[in-house]
Amino acid sequence: MVAIMIIILISVVGRAEAESIDFGAVGEIAGTLESDWLEFVLDRLGTDLDEDETEQLIEHLLFRFESPVCLSGLRETDLSELGFLDTFEIDAVTIILPNLIQYRDNLSPDDLNRSTFASLYSSVIEQSNPRLQLDTEILGIISNFIDVQTSCGYTKERYRVRESILRNAGRMAVTTENRIQLTGPTAMGIRNGNYVGSPLRYRDRYIAEGPGLSLHLARSKAAGEDFQAPYRTGFQSFHVGIQAGERWQFILGDYTIQSGTGLMNNRSAMSRGTRNLQRFPSMVPTLRPYRSGSHGRFHRGGAVSWFRDDTRAVIYASSRALSATEVWDNDELAGYRFPGWSSLRRTSGELDRYQNLSLKSVGGHVYHVHRRRGIMVEHRADLAGYWFSDRILARDGLANEHQFDGRELMLWSAATQVRYADVQGFVEWSGSLQGGHARVYGLRSRLGIMDGGIWHRSYDQNHYTVYGSGMGVFSGASNELGTGVWVVIRPRTGVRLRVYVDRYRSVGVRADADAGVWGWERGAAAEVRVSRGVLVRAESMFRGVLSGVRTEDVFGRESRIRVMRERVTVRASVRVEPGSGWMWQGRGEVQGLSGVRPYADVGRLGGVGLTQVVRYRSNAWELVFQHTLFNTDAHDTRIFAYEYDLHNVVRIPSFSGSGQRVSLVAQYRPTSWLLIRTKAGRTSYNDRFSVGSGNDMTEGPFRSDVGIQIITRFR
């Protein structure tokens, strides 16, 4: 529990195959999103988003970049779906939108061709309402997803779905992505025959998109597969999406639904923790295609979304197979877990049927908003049923005690959000017909340069969520009661200061805990743009946990002890862009840990890491050299360092022990339709003669990796 935020960080951004995107000019290869842009988005989202949500959001941003929203048809929901904007930034754009359209319509054709959303906004805001001025960096990011040309968008006349498809088929763009990665030396599992396959990891993706129409097919395979594991790492996803006019949206294949705080669906905007909670949840149910090449919590079937003025409805039906991998406890088979649902488990005594497990679901979501005298009131209601083909256990294995037979589950949720001027409040409830509820409340206000808020959550011990991101029986972290407070101050343009405090209590998080588990987190951060091309960031976090644990002495007598652990993290970075395509960045991180962990007194441990990045970018070439030094006392004080990689890959590895990491990325774009990118890296350790463990262990004090990626785009 002490390292809860670090554990979450690993699960979110420490994976080597989460998705990223790269932004280039419209009509060219979608492949120039700078990694520092991604760092900005991840920082805003908070490091406690789970890996599936992060991947789905990045995938949606890629989809929205390739099919930008037309300025004339821009809605508040389109801005909410971008995921990284807070409520007041969304309001600033929607309030000024009529002025933006009017200003654009008065531009000459030459001026319009040179215009972006950022340039239009900056010109209009000075004349209308300077109080709504947004940061230059935010405007630049938004510009990638909004088309300001007058020729974009859908026609206002009514036409049928078939006519819509034929109308847009000739404007399709086709993108292919193929990449191969190899890690060496060869893993022990492949050398001794416990793995099948090869050490190669590959990913192929084929996308065809145009106004109102999108198709995709993705497949991937990880390196090596354990002979004993029933779960295979190969995966395929697909979808066909149709946007018929401005009201209807159809998806056949793989898709996700996001709304609210994660009690029933994936979170739309709100982080679970308080660290970067600057965005309250969107009440609007959002239907998105699932275009990832990896397992996750997605639906497979069909879904329909309908818009009309202030109302939106989504209905869906899904049926998919679940692949299982074994869960072992003290050398005994304890059950099975499923990719995307890492805590869903099967019983351990039914070895002959686990491969045929499937999940069917049917559900619907209704949303409506009222506006009167400056007050906006939003309502949303959700209802869904889930049917497993075989018995599923909660994480603690007590499904019967939770009044859940492991096969059928009915969930509901309801939410209301009220906004007036710079004050916003919301409440969301969720529950199941089998019992168990969860509640989340929040209040936020903005006063001049200050933005602050408070949120409170309460999860019952028998609260369920299948596709949601909130806590529940399947997450193994139910029965939490907590409150968080944050304040963000922007004293001037280019300066952002953040302070937050969070405290929670949970009972029964672990089997050995029979007393309340109290946890807290406090932190502060500063971001200062010193001058054009120079950005400085610093952050400090203090986290702690106090729990009660049952123990026995040598005579078998039980006793209860209190366990205290505390962690301090300090990070700082400096980024300099002198011009001519050059960039230098230095990042440092210090970790400190004290107290007691299970079965061991850690005393005081520490870790330090230093990363430097040098990048050169021209029209045809991009070269990135990165070097990281690290020295930690233990794995518990490991260091994290964002690493530039192939496109569509987010890589934030962790380092423990003593050593260094060197990587080089080279990219060449010979034409507007072809991009070639390669990556090579090597990690060297000073304190060991092998890396990894088990079947993944490699001999020698080093590990190397190489990769190549080819992306084509035809229009």
# chains A, B, ... in the order shown; residues from 1 in each chain; ligands from 1
$ residues_around --residues "stretch 308-315 of chain A" --least-positions-apart "6" --cutoff "8 Å" --atoms "only C-alpha atoms" --output "PyMOL selection string"
chain A and resi 247+284-285+287+362-370
$ residues_around --residues "stretch 415-422 of chain A" --least-positions-apart "5" --cutoff "6 Å" --atoms "only C-alpha atoms" --output "NGL selection string"
:A and (375-380 or 427-428 or 445-446)
$ closest_residue --among "A:Gln149, A:Asn99, A:Thr611, A:Ser656" --to "A:Ser115" --atoms "only C-alpha atoms"
A:Gln149
$ residues_around --residues "A:Pro701" --least-positions-apart "2" --cutoff "10 Å" --atoms "only C-alpha atoms" --output "ChimeraX atom specification"
/A:659,683-691,698-699,703
$ atom_distance --atom1 "atom CA of A:Arg565" --atom2 "atom CA of A:Leu593"
7.5 Å
$ residues_around --residues "A:Tyr500" --least-positions-apart "2" --cutoff "12 Å" --atoms "only C-alpha atoms" --output "ChimeraX atom specification"
/A:273-278,451-455,483-489,497-498,502-503,520-525,539-543
$ write_last_selection --atoms "C-alpha atoms" --output "PDB file, in the first residue's frame"
ATOM      1  CA  GLY A 273      -6.348  10.327  -7.484  1.00  0.00           C
ATOM      2  CA  THR A 274      -6.030  14.006  -6.721  1.00  0.00           C
ATOM      3  CA  ARG A 275      -2.552  14.652  -8.149  1.00  0.00           C
ATOM      4  CA  ASN A 276      -3.715  16.251 -11.413  1.00  0.00           C
ATOM      5  CA  LEU A 277      -7.451  16.438 -10.922  1.00  0.00           C
ATOM      6  CA  GLN A 278      -8.160  19.534 -13.006  1.00  0.00           C
ATOM      7  CA  ASP A 451      -8.801  27.111  -9.605  1.00  0.00           C
ATOM      8  CA  GLY A 452      -9.660  24.708  -6.792  1.00  0.00           C
ATOM      9  CA  GLY A 453     -11.958  21.911  -5.815  1.00  0.00           C
ATOM     10  CA  ILE A 454     -12.811  19.031  -3.531  1.00  0.00           C
ATOM     11  CA  TRP A 455     -14.047  15.523  -4.310  1.00  0.00           C
ATOM     12  CA  THR A 483     -11.499  12.921   0.159  1.00  0.00           C
ATOM     13  CA  GLY A 484      -9.140  15.008  -1.939  1.00  0.00           C
ATOM     14  CA  VAL A 485      -8.577  18.757  -2.272  1.00  0.00           C
ATOM     15  CA  TRP A 486      -6.516  20.620  -4.866  1.00  0.00           C
ATOM     16  CA  VAL A 487      -5.652  24.194  -5.821  1.00  0.00           C
ATOM     17  CA  VAL A 488      -4.084  25.399  -9.083  1.00  0.00           C
ATOM     18  CA  ILE A 489      -2.776  28.946  -9.401  1.00  0.00           C
ATOM     19  CA  LEU A 497       1.453  26.127  -9.547  1.00  0.00           C
ATOM     20  CA  ARG A 498      -0.348  23.126  -8.117  1.00  0.00           C
ATOM     21  CA  ASP A 502      -5.661  13.389  -0.463  1.00  0.00           C
ATOM     22  CA  ARG A 503      -6.604  11.051   2.379  1.00  0.00           C
ATOM     23  CA  TRP A 520      -2.486   9.922   2.358  1.00  0.00           C
ATOM     24  CA  GLU A 521      -0.767  11.858  -0.356  1.00  0.00           C
ATOM     25  CA  ARG A 522       0.419  15.442  -0.436  1.00  0.00           C
ATOM     26  CA  GLY A 523       2.228  17.205  -3.210  1.00  0.00           C
ATOM     27  CA  ALA A 524       3.155  20.421  -4.963  1.00  0.00           C
ATOM     28  CA  ALA A 525       4.301  21.186  -8.492  1.00  0.00           C
ATOM     29  CA  GLU A 539       7.271  18.346  -8.562  1.00  0.00           C
ATOM     30  CA  SER A 540       7.431  16.839  -5.096  1.00  0.00           C
ATOM     31  CA  MET A 541       5.158  14.137  -3.679  1.00  0.00           C
ATOM     32  CA  PHE A 542       4.824  12.711  -0.190  1.00  0.00           C
ATOM     33  CA  ARG A 543       2.840   9.491   0.238  1.00  0.00           C
TER      34      ARG A 543
END
$ atom_distance --atom1 "atom CA of A:Glu566" --atom2 "atom CA of A:Asp460"
26.7 Å
$ residues_around --residues "A:Ser319" --least-positions-apart "4" --cutoff "9 Å" --atoms "only C-alpha atoms" --output "ChimeraX atom specification"
/A:299-301,358-362
$ closest_residue --among "A:Ile652, A:Leu182, A:Arg114, A:Val69" --to "A:Ile146" --atoms "only C-alpha atoms"
A:Val69
$ atom_distance --atom1 "atom CA of A:Glu177" --atom2 "atom CA of A:Tyr290"
16.4 Å
